[in-house]
Each structure stands twice: as C-alpha cells, then as structure tokens.
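Heads up: the structure comes next, in structure tokens.
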Amino acid sequence: MHGESILFTIFLIFTGGAIVAGLALFARQSMLVAYIALGVLVGPWGFGLIEDPTIAQGIGEVGIIFLLYLLGLNLHPQKLARMMREATMVTLWSSLVFAAAGLSIALAFGFTLPEAVVIGALSMFSSTIIGLKLLPTTTLHHRHTGEVIISVLLLQDVIAIMMLLGLDAASRPTLSAGDTVRLAAALPVVVVVSVVAERWTLTPLIRRFDTIREYIFLVAIGWCLGVSQLGHMMGLSHEIGAFVAGVALARSPVATFIAESLKPLRDFFLVMFFFALGAGFPIPMLSEVALPATCLGGAMLVMKPVVFRWLLRRECETRRLSMEIGVRLGQLSEFSLLIAVIASSGGVIGPNAAYTIHTATLLTFIVSSYVIMLRYPTPIAVTEALRRD
C-alpha cells in the first residue's frame with residue numbers, strides 16, 4: 001500500500017504537472033507557479049487526492065537534497081575569491097537591512113522577540129534555486145552577472161548553514177561535552193574530507209572514465225548521497241552535507257560537465273520541490289497568517305531589488321546589471337523554509353510564525369519568478385524572445 005501511495009503521488013506530480021504546465025504556457029504564466037498550484041490543488045487541503053502530506057514532504061526533502069547538490073556545483077569558490085570584497089559588502093549590508101525590516105514587521109504583528117528575531121534572520125536570504133534555475137547557463141558560467149549572483153548567494157548560504165547549525169544545537173538542551181565538540185567540528189570535518197576526497201579520488205576517477213556516461217552519473221549521485229550521509233552521521237542535516245558535496249566538486253574542472261549531465265535530474269526534482277511546497281501550503285491557517293505574511297513577503301519583494309541595486313551601484317556596477325541582479329535576488333529563500341521547520345520543531349518559534357514564514361516565502365517565489373520570466377532571459381521563459389538555456 002505504501003508503494004502504491006508513492007507511485008500514485010509521482011503519477012499526480014508528473015501527469016498533473018504536464019497538464020497544468022501546458023495550460024500555464026498557453027496562458028503565458030510561470031511553470032514554477034503551475035507546479036505550486038498543482039500541489040495546492042491535489043494536496044491534503046485542496047481536493048485531498050494526497051491525504052498524507054508526509055509523502056509529499058518526503059519527496060520534497062529528497063528534492064531539496066539533490067537540488068542543493070546541483071546548485072552547489074555552480075557555486076565556484078574561485079569566482080567568490082575574485083569577488084570577495086564586493087560580494088562581502090553587498091551581502092553584509094543587504095542582510096542587515098532585510099533583517100531589520102523583517103524583525104520590525106514581525107514585532108509590529110505581535111510575534112514574540114525570539115520569533116521576530118528568527119523571521120528577521122530569515123528575511124536576509126534570497127533563493128538559490130530561483131536565482132540559479134532562472135539564469136541561462138551561458139550567463140551563469142561565463143558572464144559577470146552570474147559571478148555576482150553566485151558570490152552573493154554563496155555567502156548567504158554560508159550564513160544560512162551557520163543558522164541551521166545554531167538552531168540544531170539550540171534544540172538539544174542536554175548536549176554533553178562530547179556532543180558539543182562533535183557538532184562544532186562537524187562542518188569543518190565534512191568540508192575537509194570532501195575536499196580531500198574530491199581532489200585525490202573523485203576527480204581522478206571521473207577523468208579516467210569520463211567517456212562512460214552511466215558511470216559518471218552513478219559517481220555523481222553516489223558522491224552527493226555519500227557526503228550527505230557523512231554530514232548526517234556527524235550531526236548535520238542531509239541538506240548541508242549535499243550542499244558541501246556540490247561546492248567541493250565545484251572546484252573541479254569536471255563540475256560543469258557533471259552539472260550539464262545532471263540537468264534532467266535537476267528538473268525532475270525541481271518539479272517535486274515546488275509541488276511539495278504547494279502540497280504543504282497551510283490553507284487552514286491562511287486566514288490567521290495572511291496579513292503578516294503578505295506584509296512580510298510584499299516588503300521583501302519591493303525592498304530587495306531596490307537595496308541590491310543601490311548597493312551594487314555603490315560598487316560601480318552598471319545600472320542595468322544592478323537592477324537585473326536585484327530583481328533576480330528579490331525573494332525569500334528555500335533556506336527560510338528549512339530553518340523555519342527546525343526552529344518550529346525545536347520550540348523556538350510557534351506554529352503561527354512558521355506558517356507566516358511558509359506563506360511569505362511561497363508568495364515571494366510566485367511573484368518573483370513571474371517577474372523574472374517576464375523581464376529577463378530564462379530557460380523556461382513564457383516568450384520565445386526571452387527563452388535561453
């Protein structure tokens with residue numbers, strides 16, 4: 001019965017996704033919005049075709065693991081080193097502004113101080129998935145726009161991972177001295193092991209057998225899951241381990257080749273990820289969180305393009321490039337959802353705060369992806385003139 005449920009869920013995701021995405025394209029709407037809408041429609045609070053939300057959530061978790069791995073492949077530390085000063089200044093000042101705005105909005109709606117601090121912190125981040133998925137491959141790898149976006153996102157992701165570690169530690173009130181040392185050493189150990197293994201084992205193997213595509217596929221997936229499991233064994237999340245696996249491999253000359261080879265897998269899990277977001281959308285709580293979530297999401301949608309544009313202009317970037325980057329980074333992040341789940345399960349924030357974050361993040365995903373696809377080149381643009389892979 002469990003296997004049939006999983007098969008039925010996958011059937012709904014992809015058969016339903018094909019239908020809804022086709023309708024969206026005819027109506028010149030975003031395909032990402034179509035995936036989210038499908039999840040809402042067939043989820044437990046829609047038509048109830050998927051009665052158990054844990055199935056969709058489990059699929060979404062697997063999707064996040066692989067998506068963060070594939071996105072990590074594009075976050076080249078070499079590019080970050082070249083742009084360290086500019087990226088650091090832009091990330092630092094923008095994070096302070098967005099955190100202050102999120103904190104103020106949360107306090108204005110009566111959330112407790114710890115909840116307001118978490119909401120403010122989550123407002124700092126932009127979506128790595130949307131930022132890179134909606135960026136043409138040529139721009140991502142060969143143009144200055146891609147370098148700036150990758151650098152800012154990488155620094156934001158480092159901050160987000162530190163927050164995940166801090167919340168994970170805070171949710172364990174009875175840590176022993178050994179557990180404390182293990183958690184403190186977990187991320188450095190995983191990073192060092194990943195870098196050494198990539199340098200001396202993984203890359204030589206891939207170079208030796210790079211003509212056997214099936215083997216490259218297996219090694220790439222095995223590397224992701226292996227480092228993900230290592231991170232989990234060390235006390236980190238699977239998502240953090242997968243992200244480290246991608247970033248470690250991004251140093252290798254074969255990273256671009258692997259990322260291109262795994263594009264179908266990326267798109268497969270992209271559909272699952274956004275479907276799971278829609279299926280988990282808290283419709284019963286919508287009346288309670290609609291106003292604060294709309295204010296929070298709306299404020300970020302308006303502020304982020306303006307603030308990023310202003311900061312990038314101060315770093316002598318062109319007006320056009322500054323505006324495009326601001327719009328592409330003008331949403332909340334999938335890390336916001338992960339951190340909200342951990343903060344909620346650890347008792348740091350209550351259900352209303354968690355649902356507010358979920359709803360605001362979903363709102364910014366929908367509006368931001370739609371604006372980007374209408375104004376700038378993307379691989380899944382609604383018009384031929386802007387569709388570039």
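Ordering of the structure tokens sets the chain letters (A, B, ...), residue numbers begin anew at 1 in every chain, and ligands are numbered from 1 in the order given.
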
Residues of stretch 10-71 of chain A that approach stretch 333-348 of chain A to 10 Å or less, counting only C-alpha atoms: could you list each one with the shortest pair of atoms and its distance in Å to one decimal, rows by chain and increasing residue number, as JSON lines?
{"residue": "A:Glu61", "atom": "CA", "partner": "A:Leu338", "partner_atom": "CA", "distance": 9.6}
{"residue": "A:Ile64", "atom": "CA", "partner": "A:Glu334", "partner_atom": "CA", "distance": 8.6}
{"residue": "A:Leu68", "atom": "CA", "partner": "A:Glu334", "partner_atom": "CA", "distance": 9.8}

Write the residues you've just listed into a file as a PDB file, in the first residue's frame, and include C-alpha atoms for each of them.
ATOM      1  CA  GLU A  61      13.142  16.628   1.181  1.00  0.00           C
ATOM      2  CA  ILE A  64      15.996  19.688  -1.706  1.00  0.00           C
ATOM      3  CA  LEU A  68      21.234  21.893  -3.226  1.00  0.00           C
TER       4      LEU A  68
END

Near-A:Ile240 list (8 Å; only C-alpha atoms; drop same-chain fewer than 2 positions) as a short mmCIF file (atom, residue, chain, number, x, y, z; two decimals) with C-alpha atoms, in the first residue's frame:
data_model
loop_
_atom_site.label_atom_id
_atom_site.label_comp_id
_atom_site.auth_asym_id
_atom_site.auth_seq_id
_atom_site.Cartn_x
_atom_site.Cartn_y
_atom_site.Cartn_z
CA ILE A 161 24.14 27.00 7.20
CA SER A 228 25.08 13.89 2.64
CA GLY A 231 27.09 15.07 7.29
CA LEU A 236 24.45 17.93 10.43
CA SER A 237 21.43 17.73 8.15
CA HIS A 238 21.41 15.76 4.90
CA ALA A 242 24.69 17.59 -0.05
CA PHE A 243 25.42 21.29 -0.41
CA VAL A 244 29.02 20.77 0.77
#

Please identify which residues in stretch 108-151 of chain A DSSP calls alpha helix (DSSP H) from the backbone, and express them as number ranges by chain.
A: 108, 113-122, 128-133, 137-142, 144-151

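Coordinates place atom CA of A:Glu147 at a distance of 23.3 Å from atom CA of A:Thr364.
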
Please report, as a tab-separated table, each residue of stretch 112-168 of chain A lying at most 10 Å from stretch 302-325 of chain A, together with the nearest pair of atoms and the separation in Å rounded to one decimal; use only C-alpha atoms, and order rows by chain and ascending residue number.
residue	atom	partner	partner_atom	distance
A:Ser123	CA	A:Lys304	CA	9.8
A:Met124	CA	A:Lys304	CA	9.4
A:Phe125	CA	A:Lys304	CA	10.0
A:Ser126	CA	A:Lys304	CA	8.9
A:Gly131	CA	A:Ile325	CA	9.0
A:His144	CA	A:Leu321	CA	8.9
A:Thr145	CA	A:Leu321	CA	6.8
A:Gly146	CA	A:Ile325	CA	8.9
A:Val148	CA	A:Ile325	CA	8.0
A:Ile149	CA	A:Ile325	CA	6.7

Output the selection as a PDB file, in the first residue's frame - C-alpha atoms for each residue.
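The new file out.pdb reads:
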ATOM      1  CA  SER A 123      14.485  37.717   5.616  1.00  0.00           C
ATOM      2  CA  MET A 124      18.192  38.065   4.808  1.00  0.00           C
ATOM      3  CA  PHE A 125      18.312  35.226   2.293  1.00  0.00           C
ATOM      4  CA  SER A 126      17.427  35.003  -1.394  1.00  0.00           C
ATOM      5  CA  GLY A 131      18.382  32.659  -8.600  1.00  0.00           C
ATOM      6  CA  HIS A 144      29.744  38.903 -14.833  1.00  0.00           C
ATOM      7  CA  THR A 145      26.066  38.773 -13.855  1.00  0.00           C
ATOM      8  CA  GLY A 146      26.436  35.104 -12.977  1.00  0.00           C
ATOM      9  CA  VAL A 148      27.952  38.412  -8.845  1.00  0.00           C
ATOM     10  CA  ILE A 149      24.820  36.335  -8.187  1.00  0.00           C
TER      11      ILE A 149
END
